[in-house]
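J.: Structure supplied as protein_28.cif; contents: mmCIF, C-alpha atoms, pLDDT in the B column; chains and numbers go by the auth columns.
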data_upload
loop_
_atom_site.group_PDB
_atom_site.id
_atom_site.type_symbol
_atom_site.label_atom_id
_atom_site.label_comp_id
_atom_site.label_asym_id
_atom_site.label_seq_id
_atom_site.Cartn_x
_atom_site.Cartn_y
_atom_site.Cartn_z
_atom_site.B_iso_or_equiv
_atom_site.auth_seq_id
_atom_site.auth_asym_id
ATOM 1 C CA MET A 1 116.047 96.879 92.518 54.00 1 V
ATOM 2 C CA SER A 2 116.684 99.445 95.232 78.00 2 V
ATOM 3 C CA HIS A 3 115.193 99.584 98.693 90.00 3 V
ATOM 4 C CA LEU A 4 114.284 103.154 99.545 96.00 4 V
ATOM 5 C CA PRO A 5 111.846 103.577 102.431 96.00 5 V
ATOM 6 C CA TYR A 6 109.937 106.841 102.241 96.00 6 V
ATOM 7 C CA THR A 7 107.184 108.917 103.789 97.00 7 V
ATOM 8 C CA TYR A 8 104.371 110.399 101.747 97.00 8 V
ATOM 9 C CA TYR A 9 101.411 112.744 101.926 97.00 9 V
ATOM 10 C CA LEU A 10 98.028 112.404 100.234 97.00 10 V
ATOM 11 C CA LYS A 11 95.257 114.983 100.023 98.00 11 V
ATOM 12 C CA TRP A 12 91.796 115.160 98.513 98.00 12 V
ATOM 13 C CA THR A 13 91.151 118.898 98.080 97.00 13 V
ATOM 14 C CA SER A 14 87.471 118.247 97.321 96.00 14 V
ATOM 15 C CA THR A 15 86.924 116.785 100.806 97.00 15 V
ATOM 16 C CA GLY A 16 89.829 118.350 102.687 97.00 16 V
ATOM 17 C CA MET A 17 90.964 114.908 103.876 98.00 17 V
ATOM 18 C CA LYS A 18 94.665 114.099 104.251 97.00 18 V
ATOM 19 C CA TYR A 19 96.855 111.113 105.005 97.00 19 V
ATOM 20 C CA TYR A 20 100.529 110.844 105.989 96.00 20 V
ATOM 21 C CA GLY A 21 102.173 107.445 105.619 95.00 21 V
ATOM 22 C CA VAL A 22 105.368 105.455 105.381 95.00 22 V
ATOM 23 C CA ARG A 23 106.442 102.656 103.064 94.00 23 V
ATOM 24 C CA PHE A 24 109.340 100.392 104.003 94.00 24 V
ATOM 25 C CA ALA A 25 108.578 97.051 102.307 91.00 25 V
ATOM 26 C CA LYS A 26 111.275 95.034 100.571 90.00 26 V
ATOM 27 C CA LYS A 27 112.242 96.619 97.257 90.00 27 V
ATOM 28 C CA CYS A 28 110.049 99.668 97.847 93.00 28 V
ATOM 29 C CA ASP A 29 110.818 102.742 95.787 94.00 29 V
ATOM 30 C CA PRO A 30 109.258 106.227 95.870 95.00 30 V
ATOM 31 C CA ASN A 31 108.433 105.892 92.158 94.00 31 V
ATOM 32 C CA ASP A 32 105.920 103.179 93.110 92.00 32 V
ATOM 33 C CA LEU A 33 103.665 105.534 95.089 93.00 33 V
ATOM 34 C CA TRP A 34 100.178 105.367 93.622 94.00 34 V
ATOM 35 C CA ASN A 35 101.595 103.392 90.711 90.00 35 V
ATOM 36 C CA PRO A 36 101.064 100.623 91.784 91.00 36 V
ATOM 37 C CA TYR A 37 101.351 101.075 95.611 91.00 37 V
ATOM 38 C CA LYS A 38 98.253 102.757 97.055 91.00 38 V
ATOM 39 C CA THR A 39 98.931 102.383 100.809 89.00 39 V
ATOM 40 C CA SER A 40 97.905 99.680 103.226 88.00 40 V
ATOM 41 C CA SER A 41 95.384 101.929 104.983 92.00 41 V
ATOM 42 C CA LYS A 42 91.812 100.681 104.789 93.00 42 V
ATOM 43 C CA TYR A 43 90.676 104.258 105.503 94.00 43 V
ATOM 44 C CA VAL A 44 92.524 105.567 102.442 96.00 44 V
ATOM 45 C CA THR A 45 91.111 102.719 100.344 95.00 45 V
ATOM 46 C CA GLN A 46 87.556 103.495 101.503 96.00 46 V
ATOM 47 C CA HIS A 47 87.956 107.251 100.981 97.00 47 V
ATOM 48 C CA THR A 48 89.342 106.625 97.483 95.00 48 V
ATOM 49 C CA LEU A 49 86.390 104.380 96.612 96.00 49 V
ATOM 50 C CA GLU A 50 83.934 107.036 97.804 96.00 50 V
ATOM 51 C CA HIS A 51 85.676 110.212 96.569 97.00 51 V
ATOM 52 C CA GLY A 52 88.156 109.204 93.875 95.00 52 V
ATOM 53 C CA GLU A 53 91.924 109.450 93.707 95.00 53 V
ATOM 54 C CA PRO A 54 93.761 112.030 95.830 97.00 54 V
ATOM 55 C CA ASP A 55 94.779 115.072 93.802 97.00 55 V
ATOM 56 C CA VAL A 56 97.882 115.693 95.915 97.00 56 V
ATOM 57 C CA ILE A 57 100.328 112.764 96.020 96.00 57 V
ATOM 58 C CA SER A 58 103.682 113.801 97.425 97.00 58 V
ATOM 59 C CA ILE A 59 106.856 112.012 98.529 97.00 59 V
ATOM 60 C CA ARG A 60 107.953 113.855 101.659 97.00 60 V
ATOM 61 C CA LYS A 61 111.224 112.182 102.612 98.00 61 V
ATOM 62 C CA VAL A 62 113.357 109.295 101.322 98.00 62 V
ATOM 63 C CA PHE A 63 115.603 107.288 103.656 97.00 63 V
ATOM 64 C CA THR A 64 118.854 105.518 102.888 96.00 64 V
ATOM 65 C CA GLY A 65 121.518 103.739 104.872 94.00 65 V
ATOM 66 C CA GLU A 66 121.736 100.940 107.361 94.00 66 V
ATOM 67 C CA HIS A 67 118.878 102.238 109.525 95.00 67 V
ATOM 68 C CA ALA A 68 116.621 103.467 106.728 95.00 68 V
ATOM 69 C CA ILE A 69 113.561 101.477 107.847 94.00 69 V
ATOM 70 C CA SER A 70 113.693 102.525 111.485 94.00 70 V
ATOM 71 C CA ASP A 71 114.525 106.107 110.476 96.00 71 V
ATOM 72 C CA ALA A 72 111.506 106.216 108.149 95.00 72 V
ATOM 73 C CA ARG A 73 109.165 104.768 110.773 94.00 73 V
ATOM 74 C CA ASP A 74 110.499 107.152 113.435 95.00 74 V
ATOM 75 C CA TRP A 75 110.084 110.117 111.073 96.00 75 V
ATOM 76 C CA GLU A 76 106.495 109.175 110.265 96.00 76 V
ATOM 77 C CA ASN A 77 105.722 108.830 113.967 95.00 77 V
ATOM 78 C CA ARG A 78 107.292 112.222 114.705 96.00 78 V
ATOM 79 C CA ILE A 79 105.213 113.926 112.001 96.00 79 V
ATOM 80 C CA LEU A 80 101.983 112.203 113.024 95.00 80 V
ATOM 81 C CA ARG A 81 102.502 113.214 116.660 93.00 81 V
ATOM 82 C CA ARG A 82 103.527 116.764 115.749 95.00 82 V
ATOM 83 C CA LEU A 83 100.407 117.210 113.612 94.00 83 V
ATOM 84 C CA LYS A 84 98.237 115.458 116.233 92.00 84 V
ATOM 85 C CA VAL A 85 96.520 113.560 113.418 91.00 85 V
ATOM 86 C CA VAL A 86 94.740 111.133 115.747 88.00 86 V
ATOM 87 C CA GLU A 87 92.801 114.058 117.225 89.00 87 V
ATOM 88 C CA ARG A 88 92.017 115.712 113.892 92.00 88 V
ATOM 89 C CA GLU A 89 88.952 115.212 111.726 94.00 89 V
ATOM 90 C CA ASP A 90 90.794 116.174 108.508 97.00 90 V
ATOM 91 C CA PHE A 91 93.250 113.240 108.624 96.00 91 V
ATOM 92 C CA LEU A 92 92.445 109.647 107.734 95.00 92 V
ATOM 93 C CA ASN A 93 95.240 108.422 110.046 94.00 93 V
ATOM 94 C CA LYS A 94 93.800 106.713 113.141 90.00 94 V
ATOM 95 C CA THR A 95 97.072 106.000 114.992 89.00 95 V
ATOM 96 C CA ASP A 96 100.616 107.312 115.162 84.00 96 V
ATOM 97 C CA ASN A 97 101.700 103.925 113.687 78.00 97 V
ATOM 98 C CA LYS A 98 104.356 102.987 116.244 68.00 98 V
ATOM 99 C CA ALA A 99 102.211 100.477 118.092 55.00 99 V
ATOM 100 C CA ILE A 100 103.416 97.375 116.228 51.00 100 V
ATOM 101 C CA SER A 101 106.981 96.950 115.063 49.00 101 V
ATOM 102 C CA PRO A 102 107.649 95.158 111.762 53.00 102 V
ATOM 103 C CA GLU A 103 109.556 92.516 113.724 55.00 103 V
ATOM 104 C CA CYS A 104 106.565 91.796 115.981 54.00 104 V
ATOM 105 C CA ALA A 105 104.167 91.754 113.036 54.00 105 V
ATOM 106 C CA ALA A 106 106.382 89.267 111.180 60.00 106 V
ATOM 107 C CA LYS A 107 106.781 87.101 114.286 61.00 107 V
ATOM 108 C CA SER A 108 103.019 87.123 114.867 56.00 108 V
ATOM 109 C CA ALA A 109 102.335 86.115 111.272 60.00 109 V
ATOM 110 C CA ALA A 110 104.890 83.301 111.486 67.00 110 V
ATOM 111 C CA LEU A 111 103.299 81.966 114.675 66.00 111 V
ATOM 112 C CA ALA A 112 99.792 82.121 113.232 60.00 112 V
ATOM 113 C CA ALA A 113 100.629 80.447 109.902 61.00 113 V
ATOM 114 C CA PRO A 114 100.907 76.853 111.193 64.00 114 V
ATOM 115 C CA LYS A 115 97.591 77.233 113.012 57.00 115 V
ATOM 116 C CA ARG A 116 95.886 78.465 109.855 53.00 116 V
ATOM 117 C CA ARG A 117 97.359 75.669 107.718 59.00 117 V
ATOM 118 C CA GLY A 118 95.704 72.963 109.852 59.00 118 V
ATOM 119 C CA ARG A 119 92.233 74.483 109.653 56.00 119 V
ATOM 120 C CA THR A 120 89.590 73.246 107.304 52.00 120 V
ATOM 121 C CA LYS A 121 85.933 74.110 107.082 47.00 121 V
ATOM 122 C CA GLU A 122 85.020 70.500 107.975 48.00 122 V
ATOM 123 C CA ASN A 123 87.222 70.587 111.102 47.00 123 V
ATOM 124 C CA GLU A 124 85.674 73.835 112.289 46.00 124 V
ATOM 125 C CA ILE A 125 82.122 72.578 111.654 49.00 125 V
ATOM 126 C CA GLY A 126 82.899 69.267 113.385 50.00 126 V
ATOM 127 C CA VAL A 127 84.275 71.019 116.461 47.00 127 V
ATOM 128 C CA ALA A 128 81.312 73.388 116.600 47.00 128 V
ATOM 129 C CA ALA A 129 78.805 70.496 116.404 47.00 129 V
ATOM 130 C CA GLN A 130 80.256 68.617 119.418 46.00 130 V
#
As C-alpha cells, how would this structure be written, given the file I've shared?
T.:
Amino acid sequence: MSHLPYTYYLKWTSTGMKYYGVRFAKKCDPNDLWNPYKTSSKYVTQHTLEHGEPDVISIRKVFTGEHAISDARDWENRILRRLKVVEREDFLNKTDNKAISPECAAKSAALAAPKRRGRTKENEIGVAAQ
C-alpha cells in the first residue's frame, strides 16, 4: 500500500462551517478520506454528529517524496495561518496544528505507556485511601 500524505477541506454548506486538515499516518491514501478516515478532530466529529456529513469533501494537495510528511504538515500550517482560521468563527480548526510534532507525540506516548501498564483500579483506590 502507498503512503501519500495529503491535505483536505471539508464544508457543511447548511451551517457554513469549514475545516482544513492534513493526514500523514502510515499507509494513508487520499482515497481513504471520509471512507473510512473521518479526521482526528473532535470538533469535526461533534459537528458531524449534530449536523450530518459535510457536503464538500475535497483533497487539496497530495505529497510525495522523502519529505512528504513534513511538507504536508508545513503546507497545512501555511494555509491555516494564511486563512487565519483560529480567529474565524466559520472554521472548526482551533489551532494552526504545528504545536506538537509527530516525533514528540510518539515519544510522549512511548514514555506514558509503561506508566499506564502498571495502573490498576485497585492500586489507584488503595493509594487514594491512604
J.: With the PyMOL selection byres ((chain V and resi 93) around 9) as the selection, what would be picked from this file? Answer as a list in words, please.
T.: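 That selection, the PyMOL selection byres ((chain V and resi 93) around 9), comes back as Lys18, Tyr19, Tyr20, Gly21, Ser41, Tyr43, Val44, Leu80, Val85, Val86, Arg88, Phe91, Leu92, Lys94, Thr95, Asp96 and Asn97 of chain V.
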J.: For a test of reading the model, state the distance in Å between atom CA of Gln46 of chain V and atom CA of Asp32 of chain V, rounded to one decimal.
T.: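 Going from atom CA of Gln46 of chain V over to atom CA of Asp32 of chain V, I get 20.2 Å.
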J.: To one decimal in Å, tell me the separation between atom CA of His3 of chain V and atom CA of Ile79 of chain V.
T.: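 It comes out at 22.0 Å.
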J.: Could the centre and edge lengths of an axis-aligned box, enclosing all atoms of segment 78-97 of chain V in the file with 3 Å extra on each side, be given in Å to one decimal as AutoDock Vina command-line options?
T.:
--center_x 98.1 --center_y 110.6 --center_z 112.5 --size_x 24.3 --size_y 19.3 --size_z 15.5
J.: Could you list, as a ChimeraX atom specification, every residue within 9 Å of Arg73 of chain V, counting all atoms listed in the file and ignoring same-chain residues fewer than 5 positions away?
T.: /V:5-7,22-24,68,78,97-98
J.: From the options V:His47, V:His67, V:Lys27, V:Arg82, which residue's atoms come nearest to Lys11 of chain V, counting only C-alpha atoms?
T.: V:His47
J.: Kindly indicate which residue among V:Ile59, V:Thr15, V:Tyr9, V:Thr45 lies nearest to Asp29 of chain V, using only C-alpha atoms for the distances.
T.: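 Answer, going by the shortest atom-to-atom distance: V:Ile59.
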J.: With all atoms listed in the file as the basis for distance, which of V:Asn35, V:Ser2, V:Thr48, V:Ser14 is at the shortest distance from Phe63 of chain V?
T.: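 Comparing V:Asn35, V:Ser2, V:Thr48, V:Ser14 against Phe63 of chain V, the winner is V:Ser2.
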J.: Measure the distance from atom CA of Leu10 of chain V to atom CA of Val56 of chain V in Å and round it to one decimal.
T.: 5.4 Å
J.: Have a look at V:Thr39, V:Thr64, V:Asn77, V:Ser70 and name the one nearest to Leu4 of chain V; count all atoms listed in the file.
T.: V:Thr64
J.: Output segment 22-33 of chain V with all heavy atoms present, as an mmCIF file, in the frame of the given file.
T.:
data_model
loop_
_atom_site.group_PDB
_atom_site.id
_atom_site.type_symbol
_atom_site.label_atom_id
_atom_site.label_comp_id
_atom_site.auth_asym_id
_atom_site.auth_seq_id
_atom_site.Cartn_x
_atom_site.Cartn_y
_atom_site.Cartn_z
ATOM 1 N N VAL V 22 104.003 105.918 105.598
ATOM 2 C CA VAL V 22 105.368 105.455 105.381
ATOM 3 C C VAL V 22 105.317 104.148 104.601
ATOM 4 O O VAL V 22 104.376 103.364 104.754
ATOM 5 C CB VAL V 22 106.121 105.245 106.722
ATOM 6 C CG1 VAL V 22 105.504 104.136 107.559
ATOM 7 C CG2 VAL V 22 107.605 104.972 106.497
ATOM 8 N N ARG V 23 106.302 103.934 103.776
ATOM 9 C CA ARG V 23 106.442 102.656 103.064
ATOM 10 C C ARG V 23 107.860 102.177 103.272
ATOM 11 O O ARG V 23 108.824 102.913 103.018
ATOM 12 C CB ARG V 23 106.159 102.825 101.583
ATOM 13 C CG ARG V 23 106.371 101.538 100.792
ATOM 14 C CD ARG V 23 105.226 101.299 99.850
ATOM 15 N NE ARG V 23 105.517 100.312 98.819
ATOM 16 C CZ ARG V 23 105.209 99.023 98.903
ATOM 17 N NH1 ARG V 23 104.621 98.563 99.986
ATOM 18 N NH2 ARG V 23 105.478 98.205 97.914
ATOM 19 N N PHE V 24 108.000 100.927 103.750
ATOM 20 C CA PHE V 24 109.340 100.392 104.003
ATOM 21 C C PHE V 24 109.457 98.925 103.594
ATOM 22 O O PHE V 24 110.374 98.222 103.994
ATOM 23 C CB PHE V 24 109.733 100.559 105.478
ATOM 24 C CG PHE V 24 108.731 100.024 106.461
ATOM 25 C CD1 PHE V 24 108.732 98.696 106.842
ATOM 26 C CD2 PHE V 24 107.784 100.871 107.014
ATOM 27 C CE1 PHE V 24 107.814 98.208 107.744
ATOM 28 C CE2 PHE V 24 106.866 100.399 107.927
ATOM 29 C CZ PHE V 24 106.877 99.063 108.299
ATOM 30 N N ALA V 25 108.559 98.441 102.755
ATOM 31 C CA ALA V 25 108.578 97.051 102.307
ATOM 32 C C ALA V 25 109.838 96.737 101.515
ATOM 33 O O ALA V 25 110.504 97.639 101.006
ATOM 34 C CB ALA V 25 107.351 96.776 101.445
ATOM 35 N N LYS V 26 110.134 95.444 101.390
ATOM 36 C CA LYS V 26 111.275 95.034 100.571
ATOM 37 C C LYS V 26 111.113 95.590 99.160
ATOM 38 O O LYS V 26 110.023 95.560 98.596
ATOM 39 C CB LYS V 26 111.352 93.509 100.483
ATOM 40 C CG LYS V 26 111.778 92.852 101.760
ATOM 41 C CD LYS V 26 111.835 91.351 101.579
ATOM 42 C CE LYS V 26 112.208 90.684 102.879
ATOM 43 N NZ LYS V 26 112.195 89.221 102.751
ATOM 44 N N LYS V 27 112.193 96.085 98.622
ATOM 45 C CA LYS V 27 112.242 96.619 97.257
ATOM 46 C C LYS V 27 111.299 97.792 97.012
ATOM 47 O O LYS V 27 110.907 98.057 95.886
ATOM 48 C CB LYS V 27 111.979 95.509 96.239
ATOM 49 C CG LYS V 27 112.995 94.385 96.311
ATOM 50 C CD LYS V 27 112.732 93.339 95.271
ATOM 51 C CE LYS V 27 113.737 92.208 95.398
ATOM 52 N NZ LYS V 27 113.488 91.136 94.457
ATOM 53 N N CYS V 28 110.905 98.498 98.067
ATOM 54 C CA CYS V 28 110.049 99.668 97.847
ATOM 55 C C CYS V 28 110.865 100.793 97.214
ATOM 56 O O CYS V 28 112.078 100.878 97.388
ATOM 57 C CB CYS V 28 109.377 100.128 99.137
ATOM 58 S SG CYS V 28 110.490 100.780 100.385
ATOM 59 N N ASP V 29 110.180 101.633 96.487
ATOM 60 C CA ASP V 29 110.818 102.742 95.787
ATOM 61 C C ASP V 29 109.797 103.874 95.689
ATOM 62 O O ASP V 29 108.627 103.624 95.404
ATOM 63 C CB ASP V 29 111.233 102.281 94.389
ATOM 64 C CG ASP V 29 112.025 103.338 93.657
ATOM 65 O OD1 ASP V 29 111.413 104.349 93.243
ATOM 66 O OD2 ASP V 29 113.239 103.151 93.490
ATOM 67 N N PRO V 30 110.199 105.106 95.929
ATOM 68 C CA PRO V 30 109.258 106.227 95.870
ATOM 69 C C PRO V 30 108.516 106.338 94.532
ATOM 70 O O PRO V 30 107.394 106.840 94.493
ATOM 71 C CB PRO V 30 110.147 107.456 96.093
ATOM 72 C CG PRO V 30 111.329 106.936 96.827
ATOM 73 C CD PRO V 30 111.534 105.535 96.338
ATOM 74 N N ASN V 31 109.107 105.845 93.457
ATOM 75 C CA ASN V 31 108.433 105.892 92.158
ATOM 76 C C ASN V 31 107.199 104.992 92.101
ATOM 77 O O ASN V 31 106.393 105.111 91.181
ATOM 78 C CB ASN V 31 109.404 105.502 91.036
ATOM 79 C CG ASN V 31 110.498 106.537 90.880
ATOM 80 O OD1 ASN V 31 110.245 107.735 90.935
ATOM 81 N ND2 ASN V 31 111.720 106.062 90.707
ATOM 82 N N ASP V 32 107.069 104.097 93.069
ATOM 83 C CA ASP V 32 105.920 103.179 93.110
ATOM 84 C C ASP V 32 104.679 103.805 93.734
ATOM 85 O O ASP V 32 103.595 103.225 93.657
ATOM 86 C CB ASP V 32 106.263 101.919 93.909
ATOM 87 C CG ASP V 32 107.302 101.063 93.212
ATOM 88 O OD1 ASP V 32 107.492 101.217 91.994
ATOM 89 O OD2 ASP V 32 107.932 100.237 93.903
ATOM 90 N N LEU V 33 104.810 104.948 94.389
ATOM 91 C CA LEU V 33 103.665 105.534 95.089
ATOM 92 C C LEU V 33 102.536 105.852 94.120
ATOM 93 O O LEU V 33 102.709 106.572 93.145
ATOM 94 C CB LEU V 33 104.064 106.793 95.854
ATOM 95 C CG LEU V 33 102.931 107.449 96.662
ATOM 96 C CD1 LEU V 33 102.355 106.483 97.692
ATOM 97 C CD2 LEU V 33 103.415 108.711 97.346
#
